[in-house]
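Shown next: coords00.cif, containing mmCIF, C-alpha atoms.
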```
data_run
loop_
_atom_site.label_atom_id
_atom_site.label_comp_id
_atom_site.auth_asym_id
_atom_site.auth_seq_id
_atom_site.Cartn_x
_atom_site.Cartn_y
_atom_site.Cartn_z
CA MET A 1 13.26 39.25 -48.48
CA ILE A 2 16.28 37.00 -47.97
CA ARG A 3 16.48 33.90 -50.17
CA TRP A 4 18.57 30.95 -49.07
CA PRO A 5 20.86 29.60 -51.77
CA THR A 6 19.52 26.37 -53.23
CA ARG A 7 22.60 24.34 -52.26
CA ARG A 8 22.53 25.54 -48.66
CA ARG A 9 18.82 24.76 -48.39
CA SER A 10 19.38 21.28 -49.77
CA ARG A 11 22.13 20.60 -47.24
CA LEU A 12 19.86 21.72 -44.40
CA ILE A 13 17.07 19.43 -45.55
CA LEU A 14 19.50 16.55 -46.02
CA GLY A 15 20.94 17.09 -42.53
CA THR A 16 17.49 17.12 -40.97
CA LEU A 17 16.54 13.90 -42.76
CA MET A 18 19.73 12.22 -41.59
CA VAL A 19 19.02 13.18 -37.95
CA VAL A 20 15.47 11.85 -38.22
CA ALA A 21 16.67 8.65 -39.87
CA ALA A 22 19.27 8.13 -37.18
CA GLY A 23 16.66 8.60 -34.49
CA VAL A 24 14.28 6.16 -36.15
CA GLY A 25 17.12 3.71 -36.55
CA LEU A 26 18.00 3.87 -32.87
CA VAL A 27 14.38 3.29 -31.90
CA LEU A 28 14.14 0.31 -34.23
CA ILE A 29 17.39 -1.10 -32.87
CA ALA A 30 16.11 -0.74 -29.30
CA TYR A 31 12.70 -2.21 -30.17
CA LEU A 32 13.69 -5.06 -32.43
CA THR A 33 17.08 -6.21 -31.20
CA PRO A 34 18.44 -7.50 -27.87
CA LEU A 35 20.78 -4.51 -27.61
CA MET A 36 18.53 -2.98 -24.94
CA ALA A 37 16.80 -6.13 -23.73
CA VAL A 38 15.79 -7.28 -20.25
CA ARG A 39 18.85 -8.84 -18.65
CA SER A 40 17.76 -8.35 -15.03
CA THR A 41 14.65 -7.47 -13.03
CA ASP A 42 15.06 -5.37 -9.91
CA ILE A 43 12.39 -6.00 -7.24
CA ARG A 44 12.15 -3.16 -4.73
CA ASP A 45 10.46 -2.67 -1.33
CA ASN A 46 9.12 -6.22 -0.99
CA GLY A 47 9.27 -7.87 2.42
CA SER A 48 6.77 -10.64 3.06
CA VAL A 49 6.18 -11.31 -0.64
CA PRO A 50 9.14 -13.29 -2.07
CA ALA A 51 10.91 -11.76 -5.06
CA ASP A 52 10.65 -15.12 -6.84
CA GLU A 53 6.85 -14.96 -6.65
CA ILE A 54 6.80 -11.43 -8.06
CA LEU A 55 9.12 -12.47 -10.90
CA ARG A 56 6.95 -15.48 -11.69
CA VAL A 57 3.76 -13.43 -11.84
CA ALA A 58 5.43 -10.61 -13.80
CA ALA A 59 6.26 -13.20 -16.48
CA VAL A 60 8.76 -11.11 -18.46
CA PRO A 61 11.29 -13.37 -20.20
CA GLN A 62 14.89 -12.26 -20.15
CA GLY A 63 15.99 -11.08 -23.55
CA THR A 64 12.74 -9.24 -24.27
CA PRO A 65 13.55 -5.77 -25.68
CA LEU A 66 12.68 -3.21 -23.03
CA LEU A 67 10.53 -1.18 -25.40
CA GLN A 68 8.40 -4.27 -26.06
CA VAL A 69 7.60 -4.73 -22.36
CA ASP A 70 4.04 -3.60 -21.61
CA THR A 71 4.73 -2.09 -18.19
CA ARG A 72 1.05 -1.51 -17.46
CA ALA A 73 0.17 -5.14 -18.13
CA VAL A 74 3.08 -6.32 -15.97
CA ALA A 75 1.95 -4.05 -13.13
CA GLN A 76 -1.61 -5.38 -13.39
CA ARG A 77 -0.40 -8.97 -13.21
CA VAL A 78 1.80 -8.35 -10.18
CA ALA A 79 -0.96 -6.33 -8.47
CA GLY A 80 -3.01 -9.52 -8.51
CA ILE A 81 -0.88 -10.82 -5.64
CA PRO A 82 -3.26 -10.32 -2.67
CA SER A 83 -0.60 -9.01 -0.28
CA LEU A 84 0.37 -6.12 -2.57
CA GLU A 85 -1.36 -2.76 -2.32
CA SER A 86 0.21 -1.12 -5.38
CA VAL A 87 2.81 -1.85 -8.06
CA ARG A 88 4.93 0.36 -10.32
CA VAL A 89 6.91 -1.02 -13.27
CA GLN A 90 9.62 1.04 -14.98
CA ARG A 91 12.17 0.50 -17.71
CA SER A 92 15.69 1.21 -16.44
CA TYR A 93 17.97 1.47 -19.45
CA PRO A 94 19.97 -0.13 -20.80
CA SER A 95 18.78 -3.56 -19.63
CA THR A 96 16.84 -3.59 -16.34
CA LEU A 97 13.15 -3.79 -15.53
CA THR A 98 12.38 -2.25 -12.13
CA ILE A 99 9.31 -3.40 -10.19
CA THR A 100 8.53 -1.37 -7.07
CA VAL A 101 5.81 -2.66 -4.76
CA VAL A 102 3.90 -1.44 -1.73
CA GLU A 103 2.82 -4.30 0.50
CA ARG A 104 -0.41 -4.31 2.45
CA VAL A 105 0.07 -3.75 6.18
CA PRO A 106 -2.10 -5.91 8.48
CA VAL A 107 -4.11 -3.79 10.93
CA VAL A 108 -6.97 -5.90 12.29
CA ILE A 109 -8.51 -9.32 11.92
CA VAL A 110 -12.14 -10.30 11.42
CA THR A 111 -13.30 -13.71 12.61
CA SER A 112 -16.19 -15.70 11.22
CA GLY A 113 -16.64 -19.12 12.73
CA ASP A 114 -13.42 -21.01 12.13
CA GLU A 115 -12.13 -18.43 9.64
CA VAL A 116 -9.77 -15.53 10.27
CA HIS A 117 -9.45 -12.69 7.74
CA VAL A 118 -6.64 -10.12 7.89
CA LEU A 119 -7.60 -6.57 6.85
CA ASP A 120 -5.25 -3.80 5.78
CA ARG A 121 -5.63 -0.04 6.37
CA SER A 122 -8.23 0.18 3.58
CA GLY A 123 -10.34 -2.61 4.99
CA VAL A 124 -9.29 -5.07 2.28
CA SER A 125 -9.12 -8.70 3.35
CA PHE A 126 -5.85 -9.94 1.85
CA LEU A 127 -5.02 -12.98 3.98
CA HIS A 128 -7.32 -15.79 5.03
CA TYR A 129 -6.75 -18.59 7.51
CA VAL A 130 -8.74 -21.52 8.88
CA ARG A 131 -8.13 -22.09 12.58
CA ALA A 132 -8.14 -25.86 12.18
CA GLN A 133 -5.23 -25.53 9.76
CA GLY A 134 -3.29 -23.14 11.99
CA VAL A 135 -3.03 -19.37 12.25
CA PRO A 136 0.36 -17.62 12.62
CA PRO A 137 0.87 -16.19 16.15
CA GLU A 138 1.59 -12.71 14.78
CA VAL A 139 -1.84 -12.70 13.15
CA LEU A 140 -3.60 -13.66 16.37
CA LYS A 141 -1.89 -10.72 18.10
CA LEU A 142 -3.76 -8.26 15.86
CA PRO A 143 -6.89 -6.58 17.28
CA VAL A 144 -10.20 -8.24 16.43
CA LEU A 145 -12.57 -5.92 14.58
CA GLU A 146 -16.25 -6.29 15.47
CA THR A 147 -18.58 -4.37 13.17
CA PRO A 148 -21.81 -5.36 11.34
CA ASN A 149 -20.52 -5.17 7.76
CA PRO A 150 -16.71 -5.36 7.63
CA GLY A 151 -15.17 -4.47 4.29
CA PRO A 152 -13.47 -1.70 2.29
CA ALA A 153 -16.80 -0.18 1.16
CA ASP A 154 -18.14 0.13 4.71
CA PRO A 155 -17.62 3.61 6.29
CA THR A 156 -17.68 2.16 9.81
CA THR A 157 -14.93 -0.32 8.93
CA ARG A 158 -12.77 2.42 7.42
CA GLU A 159 -13.18 4.72 10.44
CA ALA A 160 -12.44 1.97 12.93
CA ILE A 161 -9.31 0.86 11.07
CA THR A 162 -8.13 4.46 10.69
CA ALA A 163 -8.44 4.87 14.45
CA VAL A 164 -6.42 1.73 15.14
CA ALA A 165 -3.78 2.40 12.48
CA GLY A 166 -3.12 5.86 13.91
CA LEU A 167 -2.31 4.65 17.43
CA PRO A 168 1.27 4.87 18.68
CA GLU A 169 2.92 1.51 19.20
CA SER A 170 2.73 1.82 22.99
CA LEU A 171 -1.08 1.89 22.77
CA ALA A 172 -1.57 -0.32 19.72
CA ARG A 173 0.00 -3.34 21.38
CA GLN A 174 -2.55 -3.08 24.22
CA VAL A 175 -5.62 -3.19 21.95
CA ILE A 176 -7.36 -6.56 21.94
CA ARG A 177 -10.64 -5.70 20.24
CA VAL A 178 -12.13 -2.81 18.24
CA SER A 179 -15.92 -2.47 18.28
CA ALA A 180 -17.87 -0.08 16.07
CA ASN A 181 -21.59 0.07 15.28
CA SER A 182 -21.21 3.34 13.36
CA PRO A 183 -18.38 5.65 12.21
CA VAL A 184 -18.75 7.75 15.37
CA ASP A 185 -19.13 4.88 17.83
CA ILE A 186 -15.65 3.32 18.06
CA GLU A 187 -14.53 1.56 21.23
CA PHE A 188 -11.35 -0.32 22.17
CA LEU A 189 -10.92 -3.17 24.59
CA LEU A 190 -7.44 -3.06 26.07
CA THR A 191 -5.50 -5.61 28.06
CA GLU A 192 -6.58 -6.02 31.69
CA ASP A 193 -10.22 -5.68 30.58
CA ARG A 194 -10.04 -1.88 30.16
CA ARG A 195 -12.58 -0.19 27.88
CA VAL A 196 -11.90 2.96 25.86
CA ILE A 197 -14.64 5.07 24.30
CA TRP A 198 -12.93 6.61 21.27
CA GLY A 199 -15.80 8.11 19.27
CA ASP A 200 -14.80 8.78 15.64
CA SER A 201 -11.34 8.67 14.07
CA ASP A 202 -10.82 12.46 14.10
CA ARG A 203 -8.17 14.04 16.34
CA GLY A 204 -6.51 10.68 16.83
CA ALA A 205 -3.17 12.10 17.98
CA GLU A 206 -4.86 14.22 20.67
CA LYS A 207 -6.95 11.29 21.85
CA ALA A 208 -3.89 9.05 22.01
CA ARG A 209 -1.96 11.56 24.12
CA THR A 210 -4.91 11.99 26.46
CA LEU A 211 -5.44 8.24 26.77
CA THR A 212 -1.75 7.65 27.49
CA TYR A 213 -2.03 10.09 30.39
CA LEU A 214 -5.32 8.61 31.66
CA LEU A 215 -4.00 5.06 31.68
CA SER A 216 -1.81 6.03 34.61
CA ARG A 217 -5.06 6.20 36.58
CA ASP A 218 -6.54 2.97 37.88
CA ALA A 219 -9.86 2.58 36.06
CA LYS A 220 -11.85 0.22 33.86
CA MET A 221 -13.39 2.78 31.49
CA TYR A 222 -11.74 5.73 29.76
CA ASN A 223 -13.59 8.20 27.55
CA VAL A 224 -11.45 10.27 25.16
CA SER A 225 -14.12 10.95 22.51
CA SER A 226 -13.68 14.63 23.42
CA PRO A 227 -9.98 14.75 24.33
CA GLU A 228 -10.28 18.17 25.96
CA PHE A 229 -12.93 16.76 28.35
CA PRO A 230 -11.79 13.20 29.10
CA ALA A 231 -13.33 10.98 31.75
CA TYR A 232 -12.55 7.72 33.48
CA LYS A 233 -14.12 5.55 36.13
#
```

Since I need it in another form, could you write the structure as structure tokens?
Amino acid sequence: MIRWPTRRRSRLILGTLMVVAAGVGLVLIAYLTPLMAVRSTDIRDNGSVPADEILRVAAVPQGTPLLQVDTRAVAQRVAGIPSLESVRVQRSYPSTLTITVVERVPVVIVTSGDEVHVLDRSGVSFLHYVRAQGVPPEVLKLPVLETPNPGPADPTTREAITAVAGLPESLARQVIRVSANSPVDIEFLLTEDRRVIWGDSDRGAEKARTLTYLLSRDAKMYNVSSPEFPAYK
């Protein structure tokens, strides 16, 4: 059995304690002093939501030590902005807080009397307008969703929006209205009063290719619910 000399063992213990103390000291310096404090906040991937609004809601004063920033709480505050789908907050040493957002993308609108609600790909209503007060033209260009119970918890709503969101731009800009009484009963009304029986949201790419081909035929009704057996009349 090999025995370490007492002096050598003491030096090893002393060296280990010094390393630990240095590490604790660095953490305390970073946590308690402005050495690694928030000097800037980097807002990423925002478009329609102004950076100033995100900064205001984030409410992180400059000079706050980065380690004292509760990133989860900041993310929850910023996620309260209706037009944001998700938020990630990260510390970027030595002195930057990075807030990365994913904005909600408008897919359809739902009308109720004088009100217009904008729904994203999950069926969440994140913008609301009153016609008497004015509705932006780009909102009125979105397809109108007609379904009995519109909302993110409704399977029919989700299927209908999935079908619309998956359309190529060349088809999407022709859709005026989306009607759905069930998840397998989706129909589109296109410009020039053309009706499309879509069925469910499955095989969307195949249905879109088939419909693009069929639209070269002069008709008022196109059925691509089974894209391998399409019909028109």

Pick from A:Leu127, A:Leu189, A:Val108, A:Leu119, whichever lies nearest to Val164 in chain A using only C-alpha atoms: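 Ranking A:Leu127, A:Leu189, A:Val108, A:Leu119 by distance to Val164 in chain A, first place goes to A:Val108.
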
Can you write out as a tab-separated table which residues of range 97-209 of chain A fall within 10 Å of range 47-68 of chain A, alongside each residue's closest atom pair and its distance in Å to one decimal, counting only C-alpha atoms and ordering rows by chain and ascending residue number?
```
residue	atom	partner	partner_atom	distance
A:Leu97	CA	A:Leu66	CA	7.5
A:Ile99	CA	A:Ile54	CA	8.7
A:Val101	CA	A:Ile54	CA	9.4
A:Val102	CA	A:Gly47	CA	9.3
A:Glu103	CA	A:Gly47	CA	7.6
A:Arg104	CA	A:Ser48	CA	9.6
```

Point-to-point distance in Å for CA of Pro82 in chain A and CA of Arg121 in chain A: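 For CA of Arg121 in chain A relative to CA of Pro82 in chain A, the distance reads 13.9 Å.
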
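Of the listed residues A:Ala37, A:Ala160, A:Ala231, A:Ala219, the one whose atoms come nearest to Gly199 in chain A is A:Ala160, with distances taken using all atoms listed in the file.
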
At a cut-off of 12 Å, using all atoms listed in the file, what residues contact Ala153 in chain A? Leave out same-chain residues fewer than 6 positions from it and give the result as a PyMOL selection string. chain A and resi 122-125+159

Since we have the selection now, will you write its residues out, keeping C-alpha atoms, as a PDB file, keeping the file's coordinate frame?
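The resulting file, again_38.pdb, is shown below:
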```
ATOM      1  CA  SER A 122      -8.230   0.180   3.580  1.00  0.00           C
ATOM      2  CA  GLY A 123     -10.340  -2.610   4.990  1.00  0.00           C
ATOM      3  CA  VAL A 124      -9.290  -5.070   2.280  1.00  0.00           C
ATOM      4  CA  SER A 125      -9.120  -8.700   3.350  1.00  0.00           C
ATOM      5  CA  GLU A 159     -13.180   4.720  10.440  1.00  0.00           C
TER       6      GLU A 159
END
```

Need to verify the contact set: range 165-168 of chain A, 7 Å, only C-alpha atoms, exclusion of same-chain residues closer than 6 positions in sequence. Can you return it as a VMD selection string? chain A and resid 107 121 204 208

With distances taken over all atoms listed in the file, which residue among A:Asp120, A:Lys220, A:Ser226, A:Thr41 lies nearest Pro152 in chain A?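 That would be A:Asp120, the residue with the smallest distance to Pro152 in chain A.
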
Shortest interatomic distance to Pro183 in chain A - which of A:Arg88, A:Arg158, A:Arg203, A:Arg195, counting only C-alpha atoms: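 So, comparing all the options, the nearest one is A:Arg158.
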
Quote the spacing between CA of Trp198 in chain A and CA of Glu138 in chain A in Å to one decimal place.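 CA of Trp198 in chain A sits 25.0 Å away from CA of Glu138 in chain A.
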
Which of these residues is nearest to Ser225 in chain A, using all atoms listed in the file: A:Ile186, A:Met36, A:Val74, A:Val130? A:Ile186

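Separating CA of His128 in chain A from CA of Ser201 in chain A is a distance of 26.4 Å.
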
List as number ranges by chain: which residues have an atom within 9 Å of (-12.6, -1.0, 20.2), counting all atoms listed in the file? A: 143-146, 160, 164, 175-180, 186-190, 195-198

Pick out the closest residue to Val87 in chain A from this set: A:Arg44, A:Leu142, A:Glu115, A:Asp70. Count all atoms listed in the file.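 Answer, going by the shortest atom-to-atom distance: A:Arg44.
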
Neighbours of Leu215 in chain A within 10 Å (all atoms listed in the file; same-chain residues fewer than 4 positions away dropped), as number ranges by chain? A: 171, 194, 210-211, 219-222, 232

Export: range 175-222 of chain A, C-alpha atoms, as a PDB file, in the first residue's frame:
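Result saved to selection-v1.pdb:
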```
ATOM      1  CA  VAL A 175     -58.978  31.037 -51.722  1.00  0.00           C
ATOM      2  CA  ILE A 176     -61.782  33.309 -50.547  1.00  0.00           C
ATOM      3  CA  ARG A 177     -63.549  31.065 -48.049  1.00  0.00           C
ATOM      4  CA  VAL A 178     -62.904  27.787 -46.219  1.00  0.00           C
ATOM      5  CA  SER A 179     -65.956  25.814 -45.073  1.00  0.00           C
ATOM      6  CA  ALA A 180     -65.811  22.784 -42.800  1.00  0.00           C
ATOM      7  CA  ASN A 181     -68.565  21.002 -40.884  1.00  0.00           C
ATOM      8  CA  SER A 182     -66.231  18.197 -39.800  1.00  0.00           C
ATOM      9  CA  PRO A 183     -62.504  17.348 -40.065  1.00  0.00           C
ATOM     10  CA  VAL A 184     -63.144  15.346 -43.251  1.00  0.00           C
ATOM     11  CA  ASP A 185     -65.524  17.795 -44.897  1.00  0.00           C
ATOM     12  CA  ILE A 186     -63.329  20.729 -45.974  1.00  0.00           C
ATOM     13  CA  GLU A 187     -64.272  22.853 -48.972  1.00  0.00           C
ATOM     14  CA  PHE A 188     -62.713  25.948 -50.556  1.00  0.00           C
ATOM     15  CA  LEU A 189     -64.393  28.740 -52.440  1.00  0.00           C
ATOM     16  CA  LEU A 190     -61.987  30.190 -54.978  1.00  0.00           C
ATOM     17  CA  THR A 191     -62.119  33.365 -57.009  1.00  0.00           C
ATOM     18  CA  GLU A 192     -64.535  33.322 -59.952  1.00  0.00           C
ATOM     19  CA  ASP A 193     -67.033  31.403 -57.792  1.00  0.00           C
ATOM     20  CA  ARG A 194     -65.204  28.063 -58.129  1.00  0.00           C
ATOM     21  CA  ARG A 195     -65.806  25.395 -55.481  1.00  0.00           C
ATOM     22  CA  VAL A 196     -63.227  22.818 -54.383  1.00  0.00           C
ATOM     23  CA  ILE A 197     -64.093  19.704 -52.406  1.00  0.00           C
ATOM     24  CA  TRP A 198     -60.917  19.019 -50.427  1.00  0.00           C
ATOM     25  CA  GLY A 199     -61.972  16.376 -47.897  1.00  0.00           C
ATOM     26  CA  ASP A 200     -59.520  16.150 -44.972  1.00  0.00           C
ATOM     27  CA  SER A 201     -56.087  17.737 -44.629  1.00  0.00           C
ATOM     28  CA  ASP A 202     -54.144  14.563 -45.494  1.00  0.00           C
ATOM     29  CA  ARG A 203     -52.120  14.338 -48.723  1.00  0.00           C
ATOM     30  CA  GLY A 204     -52.256  18.092 -49.123  1.00  0.00           C
ATOM     31  CA  ALA A 205     -49.318  18.298 -51.533  1.00  0.00           C
ATOM     32  CA  GLU A 206     -50.885  15.701 -53.856  1.00  0.00           C
ATOM     33  CA  LYS A 207     -54.253  17.441 -53.752  1.00  0.00           C
ATOM     34  CA  ALA A 208     -52.642  20.797 -54.501  1.00  0.00           C
ATOM     35  CA  ARG A 209     -50.807  19.411 -57.539  1.00  0.00           C
ATOM     36  CA  THR A 210     -53.976  17.778 -58.815  1.00  0.00           C
ATOM     37  CA  LEU A 211     -56.035  20.922 -58.273  1.00  0.00           C
ATOM     38  CA  THR A 212     -53.455  23.077 -60.046  1.00  0.00           C
ATOM     39  CA  TYR A 213     -53.783  20.805 -63.072  1.00  0.00           C
ATOM     40  CA  LEU A 214     -57.599  20.718 -62.914  1.00  0.00           C
ATOM     41  CA  LEU A 215     -57.923  24.491 -62.739  1.00  0.00           C
ATOM     42  CA  SER A 216     -56.791  24.626 -66.350  1.00  0.00           C
ATOM     43  CA  ARG A 217     -60.173  23.079 -67.141  1.00  0.00           C
ATOM     44  CA  ASP A 218     -63.196  25.359 -67.295  1.00  0.00           C
ATOM     45  CA  ALA A 219     -65.457  24.225 -64.450  1.00  0.00           C
ATOM     46  CA  LYS A 220     -67.255  25.436 -61.342  1.00  0.00           C
ATOM     47  CA  MET A 221     -66.633  22.423 -59.091  1.00  0.00           C
ATOM     48  CA  TYR A 222     -63.426  20.466 -58.540  1.00  0.00           C
TER      49      TYR A 222
END
```
